[in-house]
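Next up, my_file.txt (compact mmCIF, C-alpha atoms):
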```
# COMPACT_ATOMS: atom_id res chain seq x y z
CA MET A 22 0.00 0.00 0.00
CA ASN A 23 1.21 3.50 -0.87
CA ILE A 24 1.13 5.47 2.39
CA PRO A 25 1.73 9.24 2.02
CA SER A 26 5.13 10.26 3.37
CA ASP A 27 3.51 13.06 5.37
CA PHE A 28 2.33 10.37 7.80
CA ASP A 29 5.84 9.02 8.40
CA PRO A 30 6.45 10.91 11.69
CA ILE A 31 3.32 9.52 13.34
CA ARG A 32 2.23 6.26 11.68
CA PRO A 33 2.83 2.68 12.86
CA PHE A 34 5.62 0.75 11.21
CA ASN A 35 4.88 -0.84 7.86
CA PRO A 36 5.46 -4.59 7.53
CA GLU A 37 8.57 -4.15 5.39
CA GLU A 38 10.16 -2.09 8.19
CA LEU A 39 9.75 -4.75 10.86
CA PRO A 40 12.99 -6.75 10.39
CA GLU A 41 15.11 -3.65 11.02
CA VAL A 42 13.00 -2.74 14.06
CA TYR A 43 13.34 -6.28 15.43
CA ASP A 44 17.11 -5.89 15.14
CA ARG A 45 17.00 -2.73 17.27
CA LEU A 46 14.66 -4.19 19.86
CA PHE A 47 16.48 -7.44 20.45
CA ALA A 48 19.80 -5.60 20.73
CA ASP A 49 18.40 -3.39 23.50
CA ASP A 50 19.27 -4.56 27.02
CA GLN A 51 16.15 -3.01 28.58
CA PHE A 52 13.86 -4.68 26.07
CA ARG A 53 15.57 -8.01 26.64
CA LYS A 54 14.80 -7.69 30.36
CA VAL A 55 11.17 -6.85 29.59
CA VAL A 56 10.85 -9.93 27.38
CA THR A 57 12.32 -12.09 30.12
CA ASN A 58 9.79 -10.68 32.59
CA PHE A 59 6.90 -11.10 30.15
CA TYR A 60 7.77 -14.69 29.31
CA PRO A 61 9.90 -16.13 32.14
CA GLU A 62 8.98 -19.68 31.16
CA VAL A 63 10.15 -19.29 27.54
CA PRO A 64 13.86 -19.03 26.63
CA PHE A 65 14.68 -15.58 25.27
CA GLU A 66 16.04 -17.06 22.05
CA GLU A 67 12.74 -18.83 21.42
CA VAL A 68 10.76 -15.61 21.91
CA GLU A 69 13.08 -13.82 19.51
CA LYS A 70 12.70 -16.59 16.95
CA ARG A 71 8.91 -16.46 17.13
CA VAL A 72 8.81 -12.66 16.81
CA ARG A 73 11.19 -12.59 13.86
CA ARG A 74 8.83 -14.93 12.02
CA CYS A 75 6.09 -12.27 12.28
CA LYS A 76 5.70 -10.62 8.89
CA THR A 77 2.96 -8.13 9.81
CA ASN A 78 2.01 -5.98 12.78
CA LEU A 79 -1.05 -8.16 13.34
CA ASP A 80 1.17 -11.26 13.39
CA PHE A 81 3.27 -9.58 16.08
CA GLN A 82 0.19 -8.76 18.15
CA LYS A 83 -1.04 -12.33 17.95
CA VAL A 84 2.34 -13.93 18.70
CA PHE A 85 3.87 -11.50 21.22
CA CYS A 86 1.06 -9.43 22.77
CA TYR A 87 -1.98 -11.71 22.86
CA PRO A 88 -0.43 -14.48 25.02
CA PHE A 89 0.91 -11.90 27.47
CA LEU A 90 -2.49 -10.21 27.77
CA GLN A 91 -4.22 -13.54 28.27
CA LYS A 92 -1.74 -14.43 31.02
CA LEU A 93 -2.18 -10.98 32.59
CA ILE A 94 -5.95 -11.37 32.66
CA THR A 95 -5.54 -14.71 34.42
CA GLN A 96 -3.05 -13.42 36.97
CA ALA A 97 -4.22 -9.86 37.66
CA SER A 98 -7.98 -9.88 37.12
CA LEU A 99 -11.14 -11.90 37.59
CA GLY A 100 -11.83 -11.97 33.86
CA CYS A 101 -12.15 -9.64 30.89
CA SER A 102 -15.27 -9.60 28.71
CA MET A 103 -16.73 -7.61 25.83
CA ASP A 104 -20.24 -6.98 24.55
CA ALA A 105 -19.89 -6.19 20.84
CA SER A 106 -23.43 -7.19 19.89
CA SER A 107 -24.24 -3.64 18.72
CA VAL A 108 -21.54 -3.55 16.02
CA ASN A 109 -20.80 -5.48 12.83
CA ILE A 110 -17.50 -7.32 13.14
CA LYS A 111 -17.01 -7.10 9.36
CA ARG A 112 -16.92 -3.30 9.43
CA ARG A 113 -14.28 -0.84 10.64
CA TYR A 114 -14.85 1.70 13.39
CA THR A 115 -13.30 4.49 15.41
CA PHE A 116 -13.74 3.43 19.02
CA VAL A 117 -14.01 6.49 21.29
CA SER A 118 -13.76 5.37 24.89
CA ASN A 119 -13.33 6.54 28.43
CA HIS A 120 -9.74 6.24 29.59
CA ARG A 121 -8.64 4.47 32.78
CA ASP A 122 -5.27 2.81 32.13
CA ILE A 123 -2.43 4.24 30.04
CA VAL A 124 -1.46 0.93 28.43
CA LEU A 125 -4.21 -1.61 28.99
CA ASP A 126 -7.31 0.23 27.74
CA SER A 127 -6.24 -0.16 24.12
CA ALA A 128 -4.25 -3.37 24.65
CA PHE A 129 -7.25 -5.25 26.04
CA LEU A 130 -9.38 -3.84 23.23
CA ASP A 131 -7.02 -5.37 20.66
CA LYS A 132 -7.33 -8.78 22.31
CA LEU A 133 -11.09 -8.54 22.73
CA LEU A 134 -11.67 -7.53 19.11
CA LEU A 135 -9.98 -10.76 18.05
CA ASP A 136 -11.94 -12.73 20.65
CA VAL A 137 -15.31 -11.52 19.36
CA GLY A 138 -14.46 -12.26 15.73
CA PHE A 139 -12.89 -9.17 14.17
CA ASP A 140 -10.19 -10.16 11.69
CA THR A 141 -7.99 -7.28 12.74
CA THR A 142 -7.29 -5.19 15.84
CA CYS A 143 -7.09 -1.38 15.92
CA GLU A 144 -4.63 1.42 15.41
CA ILE A 145 -4.06 3.25 18.69
CA ALA A 146 -3.67 6.98 19.35
CA ILE A 147 -0.90 7.45 21.93
CA GLY A 148 0.65 10.66 23.25
CA ASP A 149 4.30 11.28 22.37
CA ASN A 150 4.93 12.17 26.03
CA LEU A 151 4.84 8.42 26.71
CA LEU A 152 7.38 7.61 24.01
CA THR A 153 10.59 9.09 25.37
CA VAL A 154 12.34 5.71 25.61
CA PRO A 155 13.47 4.49 22.14
CA TRP A 156 12.57 0.82 22.60
CA VAL A 157 9.11 1.76 23.93
CA LYS A 158 8.49 3.91 20.86
CA ASP A 159 9.58 1.04 18.61
CA LEU A 160 7.38 -1.43 20.46
CA VAL A 161 4.19 0.64 20.31
CA ARG A 162 4.70 1.44 16.62
CA ILE A 163 4.93 -2.28 15.88
CA ASN A 164 1.78 -2.62 17.96
CA LYS A 165 -0.12 -0.43 15.46
CA SER A 166 0.07 2.82 17.41
CA PHE A 167 0.15 6.27 15.85
CA THR A 168 1.51 9.29 17.65
CA VAL A 169 -0.43 12.20 19.11
CA GLU A 170 2.02 15.11 19.00
CA ARG A 171 1.75 17.33 22.08
CA ALA A 172 3.44 20.35 23.68
CA LEU A 173 3.67 22.23 20.37
CA HIS A 174 3.24 25.89 19.51
CA ALA A 175 -0.11 26.96 18.05
CA ALA A 176 0.85 26.79 14.37
CA GLU A 177 2.66 23.46 14.86
CA MET A 178 -0.31 22.11 16.83
CA TYR A 179 -2.68 22.94 13.99
CA ARG A 180 -0.50 21.10 11.47
CA ALA A 181 -0.06 18.14 13.81
CA SER A 182 -3.82 17.91 14.47
CA LYS A 183 -4.57 18.09 10.75
CA ARG A 184 -2.05 15.35 10.01
CA MET A 185 -3.47 13.15 12.76
CA SER A 186 -7.01 13.63 11.49
CA ASP A 187 -5.97 12.89 7.92
CA TYR A 188 -4.23 9.75 9.14
CA MET A 189 -7.29 8.52 11.05
CA HIS A 190 -9.44 8.93 7.94
CA PHE A 191 -6.76 7.17 5.88
CA ALA A 192 -6.55 4.29 8.37
CA ILE A 193 -10.32 3.69 8.25
CA ALA A 194 -10.91 4.25 4.52
CA GLU A 195 -7.71 2.99 2.90
CA LYS A 196 -5.95 0.69 5.35
CA LYS A 197 -9.28 -0.81 6.48
CA GLU A 198 -8.19 -0.66 10.11
CA ASN A 199 -10.13 0.11 13.26
CA VAL A 200 -8.95 3.09 15.31
CA TRP A 201 -9.00 3.68 19.08
CA ILE A 202 -8.83 7.10 20.68
CA ALA A 203 -9.65 8.25 24.20
CA GLN A 204 -12.56 10.66 24.61
CA ARG A 205 -10.19 13.22 26.14
CA GLU A 206 -6.51 14.02 26.38
CA GLY A 207 -5.13 11.92 29.22
CA ARG A 208 -7.05 9.83 31.72
CA ALA A 209 -10.04 11.17 33.64
CA LYS A 210 -8.35 10.93 37.04
CA ASP A 211 -11.67 11.23 38.90
CA SER A 212 -13.48 8.80 36.53
CA ASN A 213 -15.94 11.53 35.55
CA ASP A 214 -15.80 10.55 31.89
CA LEU A 215 -16.65 13.48 29.60
CA THR A 216 -15.77 13.78 25.91
CA GLN A 217 -13.73 16.83 24.99
CA PRO A 218 -15.27 18.59 21.97
CA ALA A 219 -11.68 19.34 20.91
CA ILE A 220 -11.27 15.65 20.06
CA LEU A 221 -14.20 15.89 17.63
CA LYS A 222 -12.88 19.15 16.19
CA MET A 223 -9.61 17.39 15.44
CA MET A 224 -11.45 14.52 13.74
CA VAL A 225 -13.18 16.81 11.23
CA MET A 226 -9.95 18.48 10.13
CA GLY A 227 -9.55 15.52 7.79
CA GLY A 228 -11.98 13.91 5.37
CA GLU A 229 -14.36 15.57 2.94
CA GLY A 230 -17.81 17.11 2.96
CA SER A 231 -19.65 18.67 5.87
CA LEU A 232 -18.68 18.35 9.50
CA ILE A 233 -21.27 15.59 9.81
CA ASP A 234 -19.98 13.80 6.69
CA ARG A 235 -16.46 13.78 8.08
CA LEU A 236 -17.53 12.25 11.38
CA ILE A 237 -19.69 9.66 9.65
CA ALA A 238 -16.65 8.64 7.59
CA LEU A 239 -14.92 7.64 10.83
CA HIS A 240 -17.83 5.42 11.99
CA ILE A 241 -17.60 6.38 15.66
CA VAL A 242 -18.54 3.76 18.26
CA PRO A 243 -18.77 4.97 21.88
CA LEU A 244 -16.95 2.35 23.96
CA THR A 245 -17.33 1.94 27.72
CA ILE A 246 -14.48 0.46 29.74
CA SER A 247 -15.26 -0.70 33.29
CA TYR A 248 -12.66 -1.89 35.81
CA GLU A 249 -13.76 -3.21 39.18
CA TYR A 250 -10.50 -1.97 40.72
CA ASP A 251 -8.12 0.68 39.41
CA PRO A 252 -4.59 -0.21 40.55
CA CYS A 253 -3.55 3.40 39.92
CA ASP A 254 -6.27 4.95 42.09
CA TYR A 255 -3.82 5.92 44.84
CA LEU A 256 -1.40 7.42 42.30
CA LYS A 257 -4.21 9.52 40.83
CA ALA A 258 -5.23 10.67 44.31
CA ARG A 259 -1.62 11.57 45.09
CA GLU A 260 -1.54 13.62 41.90
CA PHE A 261 -4.69 15.50 42.93
CA GLN A 262 -3.10 16.58 46.21
CA LEU A 263 0.21 17.52 44.61
CA LYS A 264 -1.60 19.66 42.03
CA ARG A 265 -3.59 21.26 44.84
CA ASP A 266 -0.64 21.97 47.15
CA VAL A 267 2.47 22.39 44.98
CA PRO A 268 2.54 25.44 42.68
CA PHE A 269 3.31 24.57 39.06
CA TRP A 270 3.58 20.85 39.85
CA LYS A 271 3.77 18.69 36.73
CA LYS A 272 4.08 14.99 36.13
CA THR A 273 7.42 13.64 35.01
CA SER A 274 8.18 10.80 32.63
CA GLY A 275 9.00 8.79 35.75
CA ASP A 276 5.46 9.35 37.03
CA ASP A 277 4.05 8.09 33.73
CA MET A 278 6.27 5.03 33.86
CA GLU A 279 5.17 4.31 37.45
CA SER A 280 1.52 4.52 36.35
CA MET A 281 2.13 2.21 33.39
CA VAL A 282 3.88 -0.44 35.48
CA THR A 283 1.34 -0.20 38.33
CA GLY A 284 -1.57 -0.38 35.90
CA ILE A 285 -0.20 -3.47 34.21
CA LYS A 286 0.84 -5.39 37.32
CA GLY A 287 -1.93 -4.33 39.71
CA PHE A 288 -5.10 -6.30 40.46
CA LYS A 289 -8.06 -5.10 38.40
CA GLY A 290 -10.89 -7.38 39.48
CA HIS A 291 -13.52 -7.77 36.75
CA ILE A 292 -13.01 -5.91 33.46
CA HIS A 293 -15.77 -5.26 30.93
CA TYR A 294 -15.90 -3.52 27.54
CA HIS A 295 -19.24 -2.52 26.02
CA CYS A 296 -19.79 -1.15 22.51
CA ALA A 297 -22.69 1.20 21.92
CA PRO A 298 -24.15 1.26 18.40
CA CYS A 299 -22.19 3.23 15.81
CA ILE A 300 -23.46 6.82 15.86
CA ASP A 301 -23.62 7.22 12.04
CA GLU A 302 -27.43 7.06 11.89
CA TRP A 303 -27.81 9.50 14.77
CA LEU A 304 -25.38 11.89 13.06
CA ARG A 305 -27.38 11.78 9.82
CA LYS A 306 -30.38 13.20 11.70
CA GLN A 307 -28.43 16.24 12.88
CA ASN A 308 -28.38 19.61 11.16
CA ALA A 309 -25.00 20.05 9.50
CA ASP A 310 -25.67 23.81 9.22
CA ALA A 311 -26.02 24.25 12.99
CA PRO A 312 -23.51 26.52 14.81
CA LYS A 313 -20.37 24.44 14.99
CA ASN A 314 -19.56 24.78 18.67
CA GLN A 315 -23.08 23.84 19.69
CA LEU A 316 -23.01 20.91 17.31
CA PHE A 317 -19.70 19.67 18.71
CA ASP A 318 -21.08 20.03 22.24
CA SER A 319 -24.18 18.06 21.30
CA ILE A 320 -22.21 15.24 19.69
CA ALA A 321 -19.83 15.05 22.67
CA ALA A 322 -22.81 14.92 25.04
CA TYR A 323 -24.42 12.15 23.00
CA ILE A 324 -21.21 10.09 23.09
CA ASP A 325 -21.04 10.64 26.85
CA MET A 326 -24.60 9.42 27.30
CA GLN A 327 -23.82 6.24 25.36
CA ILE A 328 -20.66 5.62 27.39
CA HIS A 329 -22.40 6.29 30.70
CA ARG A 330 -25.36 4.03 29.93
CA ASN A 331 -23.08 1.08 29.34
CA TYR A 332 -20.98 1.10 32.51
CA ARG A 333 -20.85 -2.24 34.24
CA LEU A 334 -21.20 -1.26 37.88
CA PHE A 335 -19.67 -3.34 40.65
CA ALA A 336 -20.27 -3.43 44.40
CA ASN A 337 -17.38 -0.96 44.83
CA ASN A 338 -19.21 1.71 42.82
CA TYR A 339 -22.35 1.52 44.95
CA ILE A 340 -20.37 1.36 48.20
CA ALA A 341 -18.24 4.40 47.30
CA LEU A 342 -21.36 6.37 46.39
CA ASP A 343 -23.01 5.54 49.72
CA MET A 344 -19.82 6.33 51.64
CA LEU A 345 -19.56 9.75 49.96
CA GLN A 346 -23.22 10.55 50.57
CA GLY A 347 -23.20 9.19 54.11
CA ASN A 348 -26.16 6.88 53.57
CA LYS A 349 -27.04 3.33 52.59
CA ASP A 350 -29.31 4.12 49.65
CA HIS A 351 -27.73 1.40 47.51
CA SER A 352 -27.13 -1.21 50.19
CA ASP A 353 -29.28 -3.69 48.27
CA MET A 354 -26.48 -3.79 45.67
CA TYR A 355 -23.77 -5.04 48.01
CA SER A 356 -23.30 -7.14 51.11
CA THR A 357 -21.90 -6.23 54.51
CA LYS A 358 -18.85 -8.34 53.69
CA GLU A 359 -18.31 -6.54 50.36
CA ARG A 360 -18.44 -3.18 52.12
CA ALA A 361 -15.94 -4.30 54.74
CA LEU A 362 -13.60 -5.58 52.02
CA PHE A 363 -13.81 -2.31 50.10
CA GLU A 364 -13.11 -0.27 53.23
CA GLN A 365 -10.11 -2.50 53.88
CA TYR A 366 -8.95 -2.02 50.27
CA LEU A 367 -9.37 1.75 50.55
CA ALA A 368 -7.27 1.87 53.71
CA GLY A 369 -4.57 -0.17 51.99
CA GLN A 370 -4.44 2.13 48.96
CA LEU A 371 -4.28 5.24 51.13
CA ALA A 372 -1.38 3.71 53.07
CA LYS A 373 0.62 3.52 49.81
CA ILE A 374 0.60 7.31 49.45
CA ASN A 375 3.78 8.81 50.86
CA ILE A 376 3.86 12.58 50.40
CA GLU A 377 4.61 15.62 52.53
CA ASN A 378 1.60 17.01 54.44
CA LYS A 379 -0.51 14.02 53.51
CA ASP A 380 -4.19 15.00 53.61
CA GLU A 381 -5.84 11.68 54.39
CA LYS A 382 -9.41 13.04 54.29
CA PHE A 383 -8.88 14.69 50.89
CA LEU A 384 -7.13 11.65 49.43
CA ARG A 385 -9.87 9.33 50.69
CA GLU A 386 -12.52 11.49 49.07
CA CYS A 387 -10.55 11.50 45.80
CA ILE A 388 -10.48 7.71 45.63
CA LEU A 389 -14.13 7.41 46.62
CA ASN A 390 -15.06 9.79 43.80
CA MET A 391 -13.16 7.60 41.32
CA TYR A 392 -15.45 4.69 42.17
CA ALA A 393 -18.64 6.70 42.72
CA ASN A 394 -18.62 8.84 39.56
CA PRO A 395 -19.36 5.98 37.14
CA ALA A 396 -22.43 5.14 39.24
CA LYS A 397 -23.54 8.78 39.31
CA ASN A 398 -23.16 9.10 35.55
CA TYR A 399 -24.83 5.76 34.91
CA PHE A 400 -27.91 6.72 36.93
CA ALA A 401 -28.12 10.13 35.23
CA ALA A 402 -27.82 8.66 31.73
CA ARG A 403 -30.24 5.82 32.50
CA ASP A 404 -32.85 8.14 33.94
CA GLY A 405 -32.36 10.88 31.35
CA ASP A 406 -31.21 13.36 33.98
CA ASN A 407 -27.73 14.12 32.70
CA SER A 408 -27.69 17.88 33.22
CA ARG A 409 -24.89 18.51 30.73
CA ILE A 410 -26.70 16.62 28.00
CA LYS A 411 -30.10 18.14 28.78
CA SER A 412 -28.79 21.69 28.85
CA ILE A 413 -27.09 21.25 25.49
CA MET A 414 -30.02 19.49 23.86
CA ASN A 415 -32.50 22.08 25.17
CA ARG A 416 -30.38 24.97 23.97
CA PHE A 417 -30.52 24.04 20.33
CA THR A 418 -32.65 21.90 18.03
CA PHE A 419 -30.56 19.67 15.79
CA LYS A 420 -33.25 17.79 13.91
CA LYS A 421 -33.38 18.52 10.22
CA SER A 422 -36.53 20.30 9.16
```
As structure tokens, how would this structure be written, given the file I've shared?
Amino acid sequence: MNIPSDFDPIRPFNPEELPEVYDRLFADDQFRKVVTNFYPEVPFEEVEKRVRRCKTNLDFQKVFCYPFLQKLITQASLGCSMDASSVNIKRRYTFVSNHRDIVLDSAFLDKLLLDVGFDTTCEIAIGDNLLTVPWVKDLVRINKSFTVERALHAAEMYRASKRMSDYMHFAIAEKKENVWIAQREGRAKDSNDLTQPAILKMMVMGGEGSLIDRLIALHIVPLTISYEYDPCDYLKAREFQLKRDVPFWKKTSGDDMESMVTGIKGFKGHIHYHCAPCIDEWLRKQNADAPKNQLFDSIAAYIDMQIHRNYRLFANNYIALDMLQGNKDHSDMYSTKERALFEQYLAGQLAKINIENKDEKFLRECILNMYANPAKNYFAARDGDNSRIKSIMNRFTFKKS
């Protein structure tokens, strides 16, 4: 396939580039240690032999990534499932999802797409702030990731956003690949999952036709990711306090690496992915001549409603909501034992936070919000009471006349 050279700085590796990349990876001492940790029961030479036989990126995912993810699910979770009954596995989509884990959100999606019958995985949008280590950048580009360029000046940011949008349209239309992108830049640390209209604005920089036409060309599927436990909850809470107390505090690459390792290794309980129907038909009913900002807000709110409706709630979510509200309104959704276990878990996570002037009450509330917000949003979306969505929908009529 002839891929425009303008995409070279951000695209995944092409199959013909893989042998040279394999040479770099297997010569890297850090990567060799990672392989040994991933597959301690398999001799390194055997892993290398298997990988070098992979002729395509999908081959690599099936041979190197899939077995590791399956093993991880067995060791660090109580199972990982997906409901894809609302989509056609023969088609290609842009999955727009909430974002919990830096690495695993998209990695599990790749595995699950294969499990439910897709004949390919997805190309993954990943921020370049996570790609400062050369072997990591090589690995994710083999794994069908394309780069989101950040920390640029305004003019550079415009060009980078346009290139990324063009690439997403190219990946769907020409490469016949699925695409995954988070609904916002970075993870929602408090689990209050809201789509940033800026993500949609980027998407329509590429493609042809009206704003609506360009979004339809990407075949957006709102995807809900639910984890029973978030291994990084205490790290996110720590970040909230540091941002509150330390002027100009910013995460470092070391913080990102700590979150990646903790997210991968930590216990996640049950994991569930749920696809809402593709929004193409809904988009066709909207007025393409509507004021753009209001239209973007409406589409973002609709995606949010679909994501919120499809949360899989666990006992933890109901318990956290009751603990925050100081009542037992949802006690029929959990047992006394489950509440005691969650309180014990919460105490254990808080104990892991070691910072100056530790504000235990604030940190506790932060973690409780992480587990309560999905329940709050689920109830609002289910009952039609989502204030953000209602205010946007009431402000403007989008139906075509």
Excluding segment 260-270 of chain A and its own-chain neighbours fewer than 5 positions away, which residues fall within 12 Å of it when counting all atoms listed in the file? Please give them as a list in words.
Ala209, Lys210, Asp211, Cys253, Asp254, Tyr255, Asp276, Asp277, Ser280, Ile374, Asn375, Ile376, Glu377, Asn378, Lys379, Asp380, Glu381, Lys382, Phe383, Leu384, Arg385, Glu386, Cys387, Ile388, Asn390 and Met391 of chain A
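Residue nearest Ile285 of chain A within the list A:Asp49, A:Glu249, A:Asp122, A:Asp350: A:Asp122 [criterion: smallest interatomic distance, only C-alpha atoms].
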Using only C-alpha atoms, which of the listed residues (A:Met223, A:Trp201, A:Glu38, A:Gly207) sits closest to Tyr179 of chain A?
A:Met223
Just the residues within 8 Å of segment 333-348 of chain A, please, counting only C-alpha atoms, with nothing from its chain fewer than 2 positions along; format it as a JSON list (two decimals) with C-alpha atoms, keeping the file's coordinate frame.
```
[["chain", "number", "residue", "atom", "x", "y", "z"],
["A", 247, "SER", "CA", -15.26, -0.70, 33.29],
["A", 249, "GLU", "CA", -13.76, -3.21, 39.18],
["A", 293, "HIS", "CA", -15.77, -5.26, 30.93],
["A", 331, "ASN", "CA", -23.08, 1.08, 29.34],
["A", 350, "ASP", "CA", -29.31, 4.12, 49.65],
["A", 351, "HIS", "CA", -27.73, 1.40, 47.51],
["A", 352, "SER", "CA", -27.13, -1.21, 50.19],
["A", 354, "MET", "CA", -26.48, -3.79, 45.67],
["A", 355, "TYR", "CA", -23.77, -5.04, 48.01],
["A", 359, "GLU", "CA", -18.31, -6.54, 50.36],
["A", 360, "ARG", "CA", -18.44, -3.18, 52.12],
["A", 363, "PHE", "CA", -13.81, -2.31, 50.10],
["A", 386, "GLU", "CA", -12.52, 11.49, 49.07],
["A", 389, "LEU", "CA", -14.13, 7.41, 46.62],
["A", 390, "ASN", "CA", -15.06, 9.79, 43.80],
["A", 392, "TYR", "CA", -15.45, 4.69, 42.17],
["A", 393, "ALA", "CA", -18.64, 6.70, 42.72],
["A", 394, "ASN", "CA", -18.62, 8.84, 39.56],
["A", 395, "PRO", "CA", -19.36, 5.98, 37.14],
["A", 396, "ALA", "CA", -22.43, 5.14, 39.24],
["A", 397, "LYS", "CA", -23.54, 8.78, 39.31]]
```
Could you give me, as a ChimeraX atom specification, the residues within 9 Å of Met278 of chain A, counting all atoms listed in the file and dropping anything in the same chain fewer than 5 positions from it?
/A:151,273,283
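Remark: for Leu160 of chain A, the closest of the candidate residues A:Tyr43, A:Tyr250, A:Phe65, A:Phe59 is A:Tyr43 (distances computed over all atoms listed in the file).
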Can you work out which one of A:Glu198, A:Asp325, A:Asp29, A:Asp187 has the shortest atom-to-atom distance to Gly227 of chain A, counting all atoms listed in the file?
A:Asp187
Within 12 Å of Arg53 of chain A, counting all atoms listed in the file, which residues qualify if same-chain residues fewer than 3 places away don't, as a ChimeraX atom specification?
/A:43-50,56-61,64-66,68-69,156
Report the distance between atom CA of Ser102 of chain A and atom CA of Leu221 of chain A in Å, rounded to one decimal place.
27.8 Å
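Distance-wise, atom CA of Phe317 of chain A and atom CA of Pro218 of chain A end up 5.6 Å apart.
Closest approach to Lys132 of chain A among A:Asn150, A:Gln91, A:Asn119, A:Asn398: A:Gln91, based on all atoms listed in the file.
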Emit as AutoDock Vina command-line options the padded axis-aligned box for all listed atoms of segment 108-114 of chain A, 3 Å per side, with centre and edge lengths in Å to one decimal.
```
--center_x -17.9 --center_y -2.8 --center_z 12.7 --size_x 13.3 --size_y 15.0 --size_z 12.7
```
From A:Ser231, A:Pro155, A:Ala194, A:Lys286, residue lying nearest Lys92 of chain A [only C-alpha atoms]:
A:Lys286
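Pairwise distance (atom CA of Gly100 of chain A, atom CA of Gly290 of chain A) equals 7.3 Å.
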Subset file: segment 245-277 of chain A, C-alpha atoms, as a CSV table (one decimal), in the first residue's frame:
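For reference, decode-v4.csv as written:
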```csv
chain,number,residue,atom,x,y,z
A,245,THR,CA,-17.3,1.9,27.7
A,246,ILE,CA,-14.5,0.5,29.7
A,247,SER,CA,-15.3,-0.7,33.3
A,248,TYR,CA,-12.7,-1.9,35.8
A,249,GLU,CA,-13.8,-3.2,39.2
A,250,TYR,CA,-10.5,-2.0,40.7
A,251,ASP,CA,-8.1,0.7,39.4
A,252,PRO,CA,-4.6,-0.2,40.6
A,253,CYS,CA,-3.6,3.4,39.9
A,254,ASP,CA,-6.3,5.0,42.1
A,255,TYR,CA,-3.8,5.9,44.8
A,256,LEU,CA,-1.4,7.4,42.3
A,257,LYS,CA,-4.2,9.5,40.8
A,258,ALA,CA,-5.2,10.7,44.3
A,259,ARG,CA,-1.6,11.6,45.1
A,260,GLU,CA,-1.5,13.6,41.9
A,261,PHE,CA,-4.7,15.5,42.9
A,262,GLN,CA,-3.1,16.6,46.2
A,263,LEU,CA,0.2,17.5,44.6
A,264,LYS,CA,-1.6,19.7,42.0
A,265,ARG,CA,-3.6,21.3,44.8
A,266,ASP,CA,-0.6,22.0,47.1
A,267,VAL,CA,2.5,22.4,45.0
A,268,PRO,CA,2.5,25.4,42.7
A,269,PHE,CA,3.3,24.6,39.1
A,270,TRP,CA,3.6,20.9,39.9
A,271,LYS,CA,3.8,18.7,36.7
A,272,LYS,CA,4.1,15.0,36.1
A,273,THR,CA,7.4,13.6,35.0
A,274,SER,CA,8.2,10.8,32.6
A,275,GLY,CA,9.0,8.8,35.7
A,276,ASP,CA,5.5,9.3,37.0
A,277,ASP,CA,4.0,8.1,33.7
```
